[in-house]
file coords.txt (compact mmCIF, C-alpha atoms)
# COMPACT_ATOMS: atom_id res chain seq x y z
CA MET Q 1 -18.53 119.64 24.60
CA THR Q 2 -15.49 121.85 24.71
CA GLU Q 3 -12.90 121.90 21.96
CA ALA Q 4 -10.19 123.06 24.34
CA ALA Q 5 -7.49 120.58 25.17
CA ILE Q 6 -7.60 119.13 28.66
CA ARG Q 7 -4.03 118.66 29.80
CA HIS Q 8 -3.55 115.85 32.27
CA ARG Q 9 -0.57 115.29 34.51
CA PRO Q 10 1.60 112.63 32.78
CA GLY Q 11 0.61 109.21 34.06
CA THR Q 12 -3.02 110.10 34.75
CA PRO Q 13 -5.57 107.70 33.25
CA CYS Q 14 -7.14 109.96 30.63
CA TRP Q 15 -9.22 107.80 28.27
CA VAL Q 16 -10.60 104.30 27.74
CA SER Q 17 -11.35 102.69 24.39
CA LEU Q 18 -12.46 99.42 22.87
CA MET Q 19 -12.05 97.89 19.42
CA VAL Q 20 -14.92 95.64 18.30
CA HIS Q 21 -16.01 93.56 15.32
CA ASP Q 22 -19.62 94.83 15.28
CA LEU Q 23 -19.78 98.54 16.05
CA GLY Q 24 -23.56 98.75 15.80
CA ALA Q 25 -24.07 95.91 18.26
CA ALA Q 26 -21.55 97.46 20.67
CA GLN Q 27 -23.44 100.76 20.59
CA ASP Q 28 -26.69 98.95 21.34
CA PHE Q 29 -25.09 97.14 24.29
CA TYR Q 30 -23.27 100.04 25.93
CA GLY Q 31 -26.05 102.50 25.14
CA GLY Q 32 -28.55 100.13 26.73
CA LEU Q 33 -26.38 99.51 29.79
CA PHE Q 34 -24.96 102.97 30.48
CA GLY Q 35 -27.25 105.34 28.61
CA TRP Q 36 -24.47 106.53 26.32
CA LYS Q 37 -25.25 108.43 23.13
CA PHE Q 38 -22.73 108.17 20.33
CA VAL Q 39 -20.92 110.62 18.09
CA ARG Q 40 -19.06 109.33 15.03
CA VAL Q 41 -15.65 110.92 14.52
CA PRO Q 42 -12.54 110.31 12.41
CA GLY Q 43 -10.78 107.38 14.06
CA PRO Q 44 -7.18 106.20 14.30
CA GLU Q 45 -5.93 103.68 11.79
CA PRO Q 46 -6.45 100.75 11.42
CA LEU Q 47 -10.03 101.39 12.53
CA SER Q 48 -12.60 101.71 9.75
CA ALA Q 49 -15.11 103.53 12.01
CA TYR Q 50 -14.91 105.14 15.42
CA VAL Q 51 -17.47 106.59 17.82
CA ARG Q 52 -17.29 108.31 21.18
CA GLY Q 53 -19.76 107.49 23.92
CA VAL Q 54 -21.30 110.67 25.32
CA LEU Q 55 -22.96 111.03 28.71
CA ASP Q 56 -24.49 114.29 29.92
CA GLY Q 57 -22.60 116.15 27.19
CA GLN Q 58 -19.23 114.63 28.12
CA GLU Q 59 -17.25 112.19 26.00
CA VAL Q 60 -16.49 109.22 28.23
CA ALA Q 61 -15.11 106.42 26.02
CA GLY Q 62 -14.19 105.48 22.46
CA ILE Q 63 -15.30 102.42 20.47
CA GLY Q 64 -13.75 101.56 17.12
CA GLN Q 65 -14.62 98.91 14.56
CA LEU Q 66 -11.89 96.56 13.42
CA PRO Q 67 -11.59 95.68 9.74
CA PRO Q 68 -13.31 92.34 8.97
CA GLU Q 69 -10.02 90.49 8.44
CA ARG Q 70 -8.71 91.33 11.92
CA ARG Q 71 -10.14 88.71 14.27
CA LEU Q 72 -8.56 89.71 17.56
CA PRO Q 73 -9.51 89.15 21.21
CA LEU Q 74 -11.21 92.27 22.50
CA ALA Q 75 -10.40 94.27 25.63
CA TRP Q 76 -10.96 97.73 27.06
CA THR Q 77 -7.73 99.73 26.95
CA THR Q 78 -6.73 102.26 29.59
CA TYR Q 79 -4.76 105.23 28.22
CA LEU Q 80 -2.22 107.06 30.38
CA ALA Q 81 -1.50 110.72 29.67
CA THR Q 82 1.86 112.00 28.48
CA ASP Q 83 3.26 115.29 27.25
CA ASP Q 84 5.50 113.47 24.74
CA ALA Q 85 4.27 110.15 23.35
CA ASP Q 86 7.55 109.38 21.60
CA MET Q 87 9.64 109.95 24.71
CA THR Q 88 7.27 107.85 26.83
CA ALA Q 89 7.29 105.05 24.26
CA GLU Q 90 11.07 105.00 24.40
CA ALA Q 91 10.93 104.90 28.22
CA VAL Q 92 8.57 101.91 28.00
CA ARG Q 93 11.12 100.06 25.85
CA CYS Q 94 14.04 101.00 28.08
CA CYS Q 95 12.20 99.70 31.16
CA GLY Q 96 11.44 96.31 29.64
CA GLY Q 97 8.03 96.95 28.11
CA THR Q 98 6.94 96.68 24.49
CA VAL Q 99 5.41 99.22 22.11
CA GLY Q 100 3.11 97.39 19.70
CA VAL Q 101 1.52 100.30 17.81
CA GLY Q 102 2.78 103.84 17.19
CA PRO Q 103 3.33 106.41 18.34
CA LEU Q 104 1.09 107.79 15.60
CA ASP Q 105 -1.00 110.89 15.01
CA THR Q 106 -4.75 110.33 15.14
CA GLY Q 107 -6.09 113.80 14.41
CA VAL Q 108 -8.47 114.99 17.12
CA ASP Q 109 -7.30 112.28 19.53
CA GLY Q 110 -3.71 113.53 19.48
CA ARG Q 111 -0.65 111.28 19.33
CA VAL Q 112 -1.06 107.79 20.74
CA ALA Q 113 0.69 104.46 21.14
CA ILE Q 114 -0.33 101.02 22.38
CA ALA Q 115 2.18 99.38 24.71
CA SER Q 116 2.48 96.55 27.21
CA ASP Q 117 4.36 96.26 30.46
CA PRO Q 118 6.93 93.47 31.07
CA ALA Q 119 4.17 91.15 32.31
CA GLY Q 120 2.14 91.66 29.13
CA ALA Q 121 -0.60 94.01 30.38
CA VAL Q 122 -1.67 96.27 27.50
CA PHE Q 123 -2.19 100.01 27.98
CA GLY Q 124 -2.31 103.12 25.84
CA ILE Q 125 -0.21 106.29 25.81
CA ARG Q 126 -2.04 109.48 24.85
CA GLN Q 127 -0.59 112.90 24.11
CA ALA Q 128 -3.39 115.47 23.94
CA GLN Q 129 -3.72 117.52 20.79
CA ALA Q 130 -6.97 119.19 19.79
CA ARG Q 131 -8.83 117.73 22.74
CA ALA Q 132 -8.45 115.10 25.40
CA GLY Q 133 -10.80 112.91 27.37
CA ALA Q 134 -14.08 113.66 29.00
CA GLY Q 135 -14.76 115.52 32.20
CA SER Q 136 -15.66 112.44 34.20
CA GLY Q 137 -14.40 112.02 37.75
CA PHE Q 138 -11.67 109.53 36.89
CA LEU Q 139 -10.47 111.48 33.86
CA GLU Q 140 -10.18 114.75 35.75
CA SER Q 141 -8.86 113.57 39.09
CA GLY Q 142 -7.59 110.03 38.70
CA ALA Q 143 -8.91 106.51 38.75
CA GLU Q 144 -9.68 106.63 42.44
CA ALA Q 145 -11.66 109.86 42.32
CA GLY Q 146 -14.78 108.23 43.69
CA PRO Q 147 -18.37 108.11 42.49
CA GLY Q 148 -19.57 109.66 39.29
CA ALA Q 149 -22.70 109.46 37.17
CA HIS Q 150 -24.04 106.09 36.01
CA GLY Q 151 -21.93 105.04 33.02
CA MET Q 152 -18.80 107.05 33.85
CA PRO Q 153 -15.38 105.33 33.98
CA VAL Q 154 -14.24 105.86 37.57
CA ARG Q 155 -11.45 103.43 38.37
CA ASN Q 156 -8.54 101.59 36.74
CA GLU Q 157 -6.86 98.55 38.23
CA LEU Q 158 -3.93 96.49 37.02
CA VAL Q 159 -4.33 92.79 37.83
CA THR Q 160 -0.90 91.15 37.69
CA HIS Q 161 1.27 88.46 39.26
CA GLU Q 162 3.22 90.65 41.66
CA ALA Q 163 2.25 94.25 42.35
CA ALA Q 164 5.68 95.44 43.52
CA TRP Q 165 7.39 94.22 40.35
CA ALA Q 166 4.79 95.94 38.16
CA GLY Q 167 4.98 99.07 40.29
CA THR Q 168 8.70 99.42 39.59
CA PHE Q 169 7.99 99.55 35.85
CA TYR Q 170 5.18 102.13 36.02
CA ARG Q 171 7.09 104.31 38.51
CA SER Q 172 10.12 104.31 36.21
CA VAL Q 173 8.09 105.29 33.14
CA PHE Q 174 5.62 107.78 34.63
CA GLY Q 175 7.17 108.92 37.91
CA TYR Q 176 4.42 107.69 40.21
CA ASP Q 177 4.70 107.58 43.95
CA VAL Q 178 3.89 103.99 44.93
CA GLU Q 179 2.14 103.24 48.23
CA THR Q 180 1.40 99.85 49.77
CA THR Q 181 -2.33 99.84 50.55
CA GLY Q 182 -3.21 96.14 50.85
CA ARG Q 183 -4.80 94.95 54.08
CA ASP Q 184 -4.22 91.64 55.86
CA GLY Q 185 -1.27 90.79 53.64
CA ALA Q 186 -3.01 91.53 50.32
CA ASP Q 187 -0.57 92.44 47.53
CA VAL Q 188 -2.05 95.83 46.62
CA LEU Q 189 -0.31 99.06 45.69
CA THR Q 190 -1.71 102.49 44.88
CA LEU Q 191 -0.13 104.74 42.25
CA ARG Q 192 -0.20 108.43 43.19
CA LEU Q 193 0.53 111.67 41.36
CA ASP Q 194 0.92 114.87 43.35
CA GLY Q 195 -0.51 113.00 46.34
CA HIS Q 196 -3.67 111.92 44.48
CA PRO Q 197 -4.39 108.20 43.88
CA VAL Q 198 -4.80 107.44 40.17
CA ALA Q 199 -4.70 103.64 39.85
CA THR Q 200 -4.44 100.40 41.80
CA LEU Q 201 -2.05 97.49 41.21
CA ARG Q 202 -3.29 94.15 42.51
CA GLY Q 203 -1.00 91.12 42.69
CA VAL Q 204 -2.88 87.81 42.57
CA GLY Q 205 0.06 85.39 42.36
CA GLU Q 206 -0.75 82.00 40.86
CA GLY Q 207 -4.38 83.04 40.53
CA LEU Q 208 -3.38 85.14 37.53
CA GLU Q 209 -3.78 82.19 35.19
CA ARG Q 210 -7.47 82.05 36.09
CA VAL Q 211 -8.07 85.68 35.13
CA ARG Q 212 -6.68 85.84 31.55
CA GLY Q 213 -3.16 86.97 32.42
CA SER Q 214 -1.91 90.39 33.46
CA HIS Q 215 -4.38 93.09 32.38
CA TRP Q 216 -5.82 96.51 33.12
CA MET Q 217 -9.44 96.53 34.28
CA THR Q 218 -11.80 99.46 33.68
CA TYR Q 219 -14.55 100.10 36.24
CA PHE Q 220 -17.72 101.98 35.26
CA GLU Q 221 -19.92 103.61 37.89
CA VAL Q 222 -23.51 102.36 38.13
CA ASP Q 223 -26.49 103.25 40.28
CA ASP Q 224 -27.19 99.61 41.18
CA THR Q 225 -24.60 96.87 40.69
CA ASP Q 226 -27.06 93.99 40.90
CA ALA Q 227 -29.49 95.56 38.45
CA SER Q 228 -26.65 96.40 36.06
CA ALA Q 229 -25.33 92.83 36.15
CA LEU Q 230 -28.82 91.60 35.27
CA ARG Q 231 -29.04 94.17 32.49
CA VAL Q 232 -25.73 92.91 31.07
CA THR Q 233 -27.22 89.45 30.58
CA GLU Q 234 -30.44 90.88 29.12
CA LEU Q 235 -28.34 92.72 26.52
CA GLY Q 236 -26.41 89.58 25.55
CA GLY Q 237 -23.36 89.88 27.79
CA HIS Q 238 -22.21 87.60 30.60
CA VAL Q 239 -21.46 87.90 34.32
CA ILE Q 240 -18.03 86.52 35.27
CA ASP Q 241 -18.03 87.45 38.96
CA ARG Q 242 -21.37 88.07 40.61
CA PRO Q 243 -21.97 91.29 42.57
CA ARG Q 244 -19.88 91.39 45.74
CA GLU Q 245 -18.87 93.88 48.39
CA THR Q 246 -15.32 95.25 48.19
CA ALA Q 247 -13.42 98.16 49.72
CA ALA Q 248 -14.18 100.14 46.56
CA GLY Q 249 -17.91 99.41 46.68
CA ARG Q 250 -20.26 96.76 45.31
CA VAL Q 251 -18.61 95.31 42.20
CA ALA Q 252 -19.46 92.84 39.45
CA THR Q 253 -17.14 91.72 36.64
CA VAL Q 254 -18.87 91.19 33.32
CA THR Q 255 -18.33 90.93 29.56
CA ASP Q 256 -20.08 92.46 26.60
CA PRO Q 257 -21.50 90.15 23.87
CA GLU Q 258 -18.12 90.00 22.10
CA GLY Q 259 -16.25 89.05 25.27
CA ALA Q 260 -14.63 92.35 26.31
CA VAL Q 261 -14.27 92.28 30.12
CA PHE Q 262 -15.00 95.22 32.40
CA SER Q 263 -16.37 95.86 35.88
CA VAL Q 264 -19.35 97.81 37.16
CA VAL Q 265 -19.27 99.38 40.60
CA ARG Q 266 -21.51 101.34 42.89
CA SER Q 267 -18.78 103.20 44.70
CA ALA Q 268 -18.59 102.92 48.48
CA ALA Q 269 -18.61 106.71 48.79
CA ARG Q 270 -22.10 107.00 47.28
call {"tool": "encode", "arguments": {"input": "coords.txt", "output": "structure tokens"}}
result
Amino acid sequence: MTEAAIRHRPGTPCWVSLMVHDLGAAQDFYGGLFGWKFVRVPGPEPLSAYVRGVLDGQEVAGIGQLPPERRLPLAWTTYLATDDADMTAEAVRCCGGTVGVGPLDTGVDGRVAIASDPAGAVFGIRQAQARAGAGSGFLESGAEAGPGAHGMPVRNELVTHEAAWAGTFYRSVFGYDVETTGRDGADVLTLRLDGHPVATLRGVGEGLERVRGSHWMTYFEVDDTDASALRVTELGGHVIDRPRETAAGRVATVTDPEGAVFSVVRSAAR
């Protein structure tokens, strides 16, 4: 693994992380599902322990353990790159969002903040310092980069009430080009940087209340969506949406044993 900083164009999804109550159990689950190995590193406060999942020598995700007294709902967090975390945090506030944590220095992870857009979807802001995220397809080239190795994060999607309204916020903060890409009247937008797609915004209208409110969804590449969904249940997780064909590929939405939601996908390009 290289120590050199990987500088991402501001707005590029550059890291995903999860805070859990049982770090050992989380390592067993994600290691068993994706084949990740784990490296323990100094973590950002208020985490008492923090590991990075490693796949084929590349760091692909972070998992931190919450202190026992913090009983919070768990969710994967998508981090968006910035050259100046403080300036981006101020832009979030000025555009109607909220900054809940930071910006703060986290040592090897750089300077980070946790924010939410006006609809309440939580995301991270990450200013690279000693190093940045892994060399996976989505981290290098954007969330729509296509297939990667089994266990790599490859896609990020915002599920919200109205895509256009959310798109105005993210364009104002990060300078994205926003393109309408929904078919047959679907409320779908693609965020682009330098012509490259980096994330999808999906408006689901009144259906939002059935999918836990506005949120960012992380997709992990798998070799076989059906087999991975079965493996999730064998490891103590749950399947929310059974494997189905989509424009992105064959997808299933699942949770880990503590309830953190994510999706697995065998990309259509494979």
call {"tool": "closest_residue", "arguments": {"input": "coords.txt", "among": "Q:Arg40, Q:Arg212, Q:His21, Q:His238", "to": "Val54 of chain Q", "atoms": "all atoms listed in the file"}}
result
Q:Arg40
call {"tool": "closest_atom_pairs", "arguments": {"input": "coords.txt", "of": "segment 46-127 of chain Q", "to": "segment 26-39 of chain Q", "cutoff": "6 Å", "atoms": "only C-alpha atoms", "output": "tab-separated table"}}
result
residue	atom	partner	partner_atom	distance
Q:Val51	CA	Q:Val39	CA	5.3
Q:Arg52	CA	Q:Val39	CA	5.3
Q:Gly53	CA	Q:Phe38	CA	4.7
Q:Val54	CA	Q:Lys37	CA	5.0
Q:Leu55	CA	Q:Trp36	CA	5.3
call {"tool": "residues_around", "arguments": {"input": "coords.txt", "residues": "Leu193 of chain Q", "least_positions_apart": "2", "cutoff": "8 Å", "atoms": "all atoms listed in the file", "output": "PyMOL selection string"}}
result
chain Q and resi 9+11-12+175-177+191+195-198
call {"tool": "atom_distance", "arguments": {"input": "coords.txt", "atom1": "atom CA of Glu245 of chain Q", "atom2": "atom CA of Val264 of chain Q"}}
result
11.9 Å
call {"tool": "atom_distance", "arguments": {"input": "coords.txt", "atom1": "atom CA of Ala115 of chain Q", "atom2": "atom CA of Pro67 of chain Q"}}
result
20.7 Å
call {"tool": "residues_around", "arguments": {"input": "coords.txt", "residues": "Ala166 of chain Q", "least_positions_apart": "2", "cutoff": "9 Å", "atoms": "all atoms listed in the file", "output": "MDAnalysis selection string"}}
result
chainID Q and resid 117:119 158 160:164 168:171 201 203
call {"tool": "closest_residue", "arguments": {"input": "coords.txt", "among": "Q:Gly249, Q:Asp256, Q:Gly213, Q:Tyr50", "to": "Arg231 of chain Q", "atoms": "all atoms listed in the file"}}
result
Q:Asp256
call {"tool": "residues_around", "arguments": {"input": "coords.txt", "residues": "Ser228 of chain Q", "least_positions_apart": "4", "cutoff": "12 Å", "atoms": "all atoms listed in the file", "output": "PDB file with C-alpha atoms, in the frame of the given file"}}
result
ATOM      1  CA  PHE Q  29     -25.090  97.140  24.290  1.00  0.00           C
ATOM      2  CA  TYR Q  30     -23.270 100.040  25.930  1.00  0.00           C
ATOM      3  CA  GLY Q  32     -28.550 100.130  26.730  1.00  0.00           C
ATOM      4  CA  LEU Q  33     -26.380  99.510  29.790  1.00  0.00           C
ATOM      5  CA  PHE Q  34     -24.960 102.970  30.480  1.00  0.00           C
ATOM      6  CA  GLY Q  35     -27.250 105.340  28.610  1.00  0.00           C
ATOM      7  CA  HIS Q 150     -24.040 106.090  36.010  1.00  0.00           C
ATOM      8  CA  GLY Q 151     -21.930 105.040  33.020  1.00  0.00           C
ATOM      9  CA  PHE Q 220     -17.720 101.980  35.260  1.00  0.00           C
ATOM     10  CA  GLU Q 221     -19.920 103.610  37.890  1.00  0.00           C
ATOM     11  CA  VAL Q 222     -23.510 102.360  38.130  1.00  0.00           C
ATOM     12  CA  ASP Q 223     -26.490 103.250  40.280  1.00  0.00           C
ATOM     13  CA  ASP Q 224     -27.190  99.610  41.180  1.00  0.00           C
ATOM     14  CA  VAL Q 232     -25.730  92.910  31.070  1.00  0.00           C
ATOM     15  CA  THR Q 233     -27.220  89.450  30.580  1.00  0.00           C
ATOM     16  CA  GLU Q 234     -30.440  90.880  29.120  1.00  0.00           C
ATOM     17  CA  LEU Q 235     -28.340  92.720  26.520  1.00  0.00           C
ATOM     18  CA  GLY Q 237     -23.360  89.880  27.790  1.00  0.00           C
ATOM     19  CA  HIS Q 238     -22.210  87.600  30.600  1.00  0.00           C
ATOM     20  CA  VAL Q 239     -21.460  87.900  34.320  1.00  0.00           C
ATOM     21  CA  ARG Q 242     -21.370  88.070  40.610  1.00  0.00           C
ATOM     22  CA  PRO Q 243     -21.970  91.290  42.570  1.00  0.00           C
ATOM     23  CA  ARG Q 250     -20.260  96.760  45.310  1.00  0.00           C
ATOM     24  CA  VAL Q 251     -18.610  95.310  42.200  1.00  0.00           C
ATOM     25  CA  ALA Q 252     -19.460  92.840  39.450  1.00  0.00           C
ATOM     26  CA  THR Q 253     -17.140  91.720  36.640  1.00  0.00           C
ATOM     27  CA  VAL Q 254     -18.870  91.190  33.320  1.00  0.00           C
ATOM     28  CA  THR Q 255     -18.330  90.930  29.560  1.00  0.00           C
ATOM     29  CA  SER Q 263     -16.370  95.860  35.880  1.00  0.00           C
ATOM     30  CA  VAL Q 264     -19.350  97.810  37.160  1.00  0.00           C
ATOM     31  CA  VAL Q 265     -19.270  99.380  40.600  1.00  0.00           C
ATOM     32  CA  ARG Q 266     -21.510 101.340  42.890  1.00  0.00           C
TER      33      ARG Q 266
END
call {"tool": "closest_residue", "arguments": {"input": "coords.txt", "among": "Q:Ala229, Q:Ala91, Q:Ala128, Q:Met152", "to": "Asp105 of chain Q", "atoms": "only C-alpha atoms"}}
result
Q:Ala128
call {"tool": "atom_distance", "arguments": {"input": "coords.txt", "atom1": "atom CA of Gly110 of chain Q", "atom2": "atom CA of Val41 of chain Q"}}
result
13.2 Å
call {"tool": "build_atoms", "arguments": {"input": "coords.txt", "residues": "segment 56-67 of chain Q", "atoms": "all heavy atoms", "output": "mmCIF file, in the frame of the given file"}}
result
data_model
loop_
_atom_site.group_PDB
_atom_site.id
_atom_site.type_symbol
_atom_site.label_atom_id
_atom_site.label_comp_id
_atom_site.auth_asym_id
_atom_site.auth_seq_id
_atom_site.Cartn_x
_atom_site.Cartn_y
_atom_site.Cartn_z
ATOM 1 N N ASP Q 56 -24.266 112.948 29.370
ATOM 2 C CA ASP Q 56 -24.490 114.290 29.920
ATOM 3 C C ASP Q 56 -23.568 115.322 29.270
ATOM 4 O O ASP Q 56 -23.010 116.202 29.938
ATOM 5 C CB ASP Q 56 -24.271 114.290 31.440
ATOM 6 C CG ASP Q 56 -25.279 113.409 32.170
ATOM 7 O OD1 ASP Q 56 -26.408 113.254 31.661
ATOM 8 O OD2 ASP Q 56 -24.930 112.874 33.236
ATOM 9 N N GLY Q 57 -23.399 115.190 27.948
ATOM 10 C CA GLY Q 57 -22.600 116.150 27.190
ATOM 11 C C GLY Q 57 -21.106 115.937 27.273
ATOM 12 O O GLY Q 57 -20.341 116.721 26.695
ATOM 13 N N GLN Q 58 -20.653 114.891 27.963
ATOM 14 C CA GLN Q 58 -19.230 114.630 28.120
ATOM 15 C C GLN Q 58 -18.857 113.354 27.374
ATOM 16 O O GLN Q 58 -19.566 112.343 27.452
ATOM 17 C CB GLN Q 58 -18.857 114.475 29.598
ATOM 18 C CG GLN Q 58 -19.114 115.717 30.418
ATOM 19 C CD GLN Q 58 -18.819 115.507 31.893
ATOM 20 O OE1 GLN Q 58 -18.763 114.379 32.369
ATOM 21 N NE2 GLN Q 58 -18.623 116.592 32.621
ATOM 22 N N GLU Q 59 -17.750 113.386 26.665
ATOM 23 C CA GLU Q 59 -17.250 112.190 26.000
ATOM 24 C C GLU Q 59 -16.554 111.305 27.033
ATOM 25 O O GLU Q 59 -15.648 111.754 27.732
ATOM 26 C CB GLU Q 59 -16.276 112.581 24.887
ATOM 27 C CG GLU Q 59 -16.956 113.372 23.777
ATOM 28 C CD GLU Q 59 -15.981 113.932 22.766
ATOM 29 O OE1 GLU Q 59 -14.758 113.858 23.016
ATOM 30 O OE2 GLU Q 59 -16.431 114.439 21.734
ATOM 31 N N VAL Q 60 -16.984 110.057 27.145
ATOM 32 C CA VAL Q 60 -16.490 109.220 28.230
ATOM 33 C C VAL Q 60 -15.682 108.018 27.763
ATOM 34 O O VAL Q 60 -14.923 107.444 28.546
ATOM 35 C CB VAL Q 60 -17.656 108.721 29.121
ATOM 36 C CG1 VAL Q 60 -18.335 109.901 29.796
ATOM 37 C CG2 VAL Q 60 -18.668 107.913 28.317
ATOM 38 N N ALA Q 61 -15.824 107.606 26.494
ATOM 39 C CA ALA Q 61 -15.110 106.420 26.020
ATOM 40 C C ALA Q 61 -15.162 106.378 24.499
ATOM 41 O O ALA Q 61 -16.052 106.975 23.877
ATOM 42 C CB ALA Q 61 -15.731 105.145 26.596
ATOM 43 N N GLY Q 62 -14.215 105.657 23.907
ATOM 44 C CA GLY Q 62 -14.190 105.480 22.460
ATOM 45 C C GLY Q 62 -14.399 104.018 22.092
ATOM 46 O O GLY Q 62 -13.930 103.122 22.799
ATOM 47 N N ILE Q 63 -15.117 103.776 20.992
ATOM 48 C CA ILE Q 63 -15.300 102.420 20.470
ATOM 49 C C ILE Q 63 -15.022 102.459 18.976
ATOM 50 O O ILE Q 63 -15.610 103.254 18.241
ATOM 51 C CB ILE Q 63 -16.719 101.884 20.728
ATOM 52 C CG1 ILE Q 63 -17.076 101.946 22.214
ATOM 53 C CG2 ILE Q 63 -16.840 100.450 20.222
ATOM 54 C CD1 ILE Q 63 -18.478 101.476 22.526
ATOM 55 N N GLY Q 64 -14.108 101.608 18.534
ATOM 56 C CA GLY Q 64 -13.750 101.560 17.120
ATOM 57 C C GLY Q 64 -14.063 100.192 16.531
ATOM 58 O O GLY Q 64 -14.053 99.176 17.236
ATOM 59 N N GLN Q 65 -14.344 100.169 15.237
ATOM 60 C CA GLN Q 65 -14.620 98.910 14.560
ATOM 61 C C GLN Q 65 -13.376 98.424 13.838
ATOM 62 O O GLN Q 65 -12.756 99.160 13.074
ATOM 63 C CB GLN Q 65 -15.754 99.080 13.549
ATOM 64 C CG GLN Q 65 -16.100 97.791 12.821
ATOM 65 C CD GLN Q 65 -17.416 97.881 12.076
ATOM 66 O OE1 GLN Q 65 -18.406 98.343 12.626
ATOM 67 N NE2 GLN Q 65 -17.416 97.441 10.834
ATOM 68 N N LEU Q 66 -13.019 97.182 14.096
ATOM 69 C CA LEU Q 66 -11.890 96.560 13.420
ATOM 70 C C LEU Q 66 -12.266 96.173 11.998
ATOM 71 O O LEU Q 66 -13.422 95.821 11.731
ATOM 72 C CB LEU Q 66 -11.447 95.308 14.177
ATOM 73 C CG LEU Q 66 -10.739 95.526 15.509
ATOM 74 C CD1 LEU Q 66 -10.720 94.231 16.304
ATOM 75 C CD2 LEU Q 66 -9.329 96.039 15.283
ATOM 76 N N PRO Q 67 -11.326 96.213 11.071
ATOM 77 C CA PRO Q 67 -11.590 95.680 9.740
ATOM 78 C C PRO Q 67 -11.973 94.207 9.823
ATOM 79 O O PRO Q 67 -11.540 93.497 10.731
ATOM 80 C CB PRO Q 67 -10.246 95.863 9.015
ATOM 81 C CG PRO Q 67 -9.555 96.948 9.769
ATOM 82 C CD PRO Q 67 -9.977 96.778 11.192
#
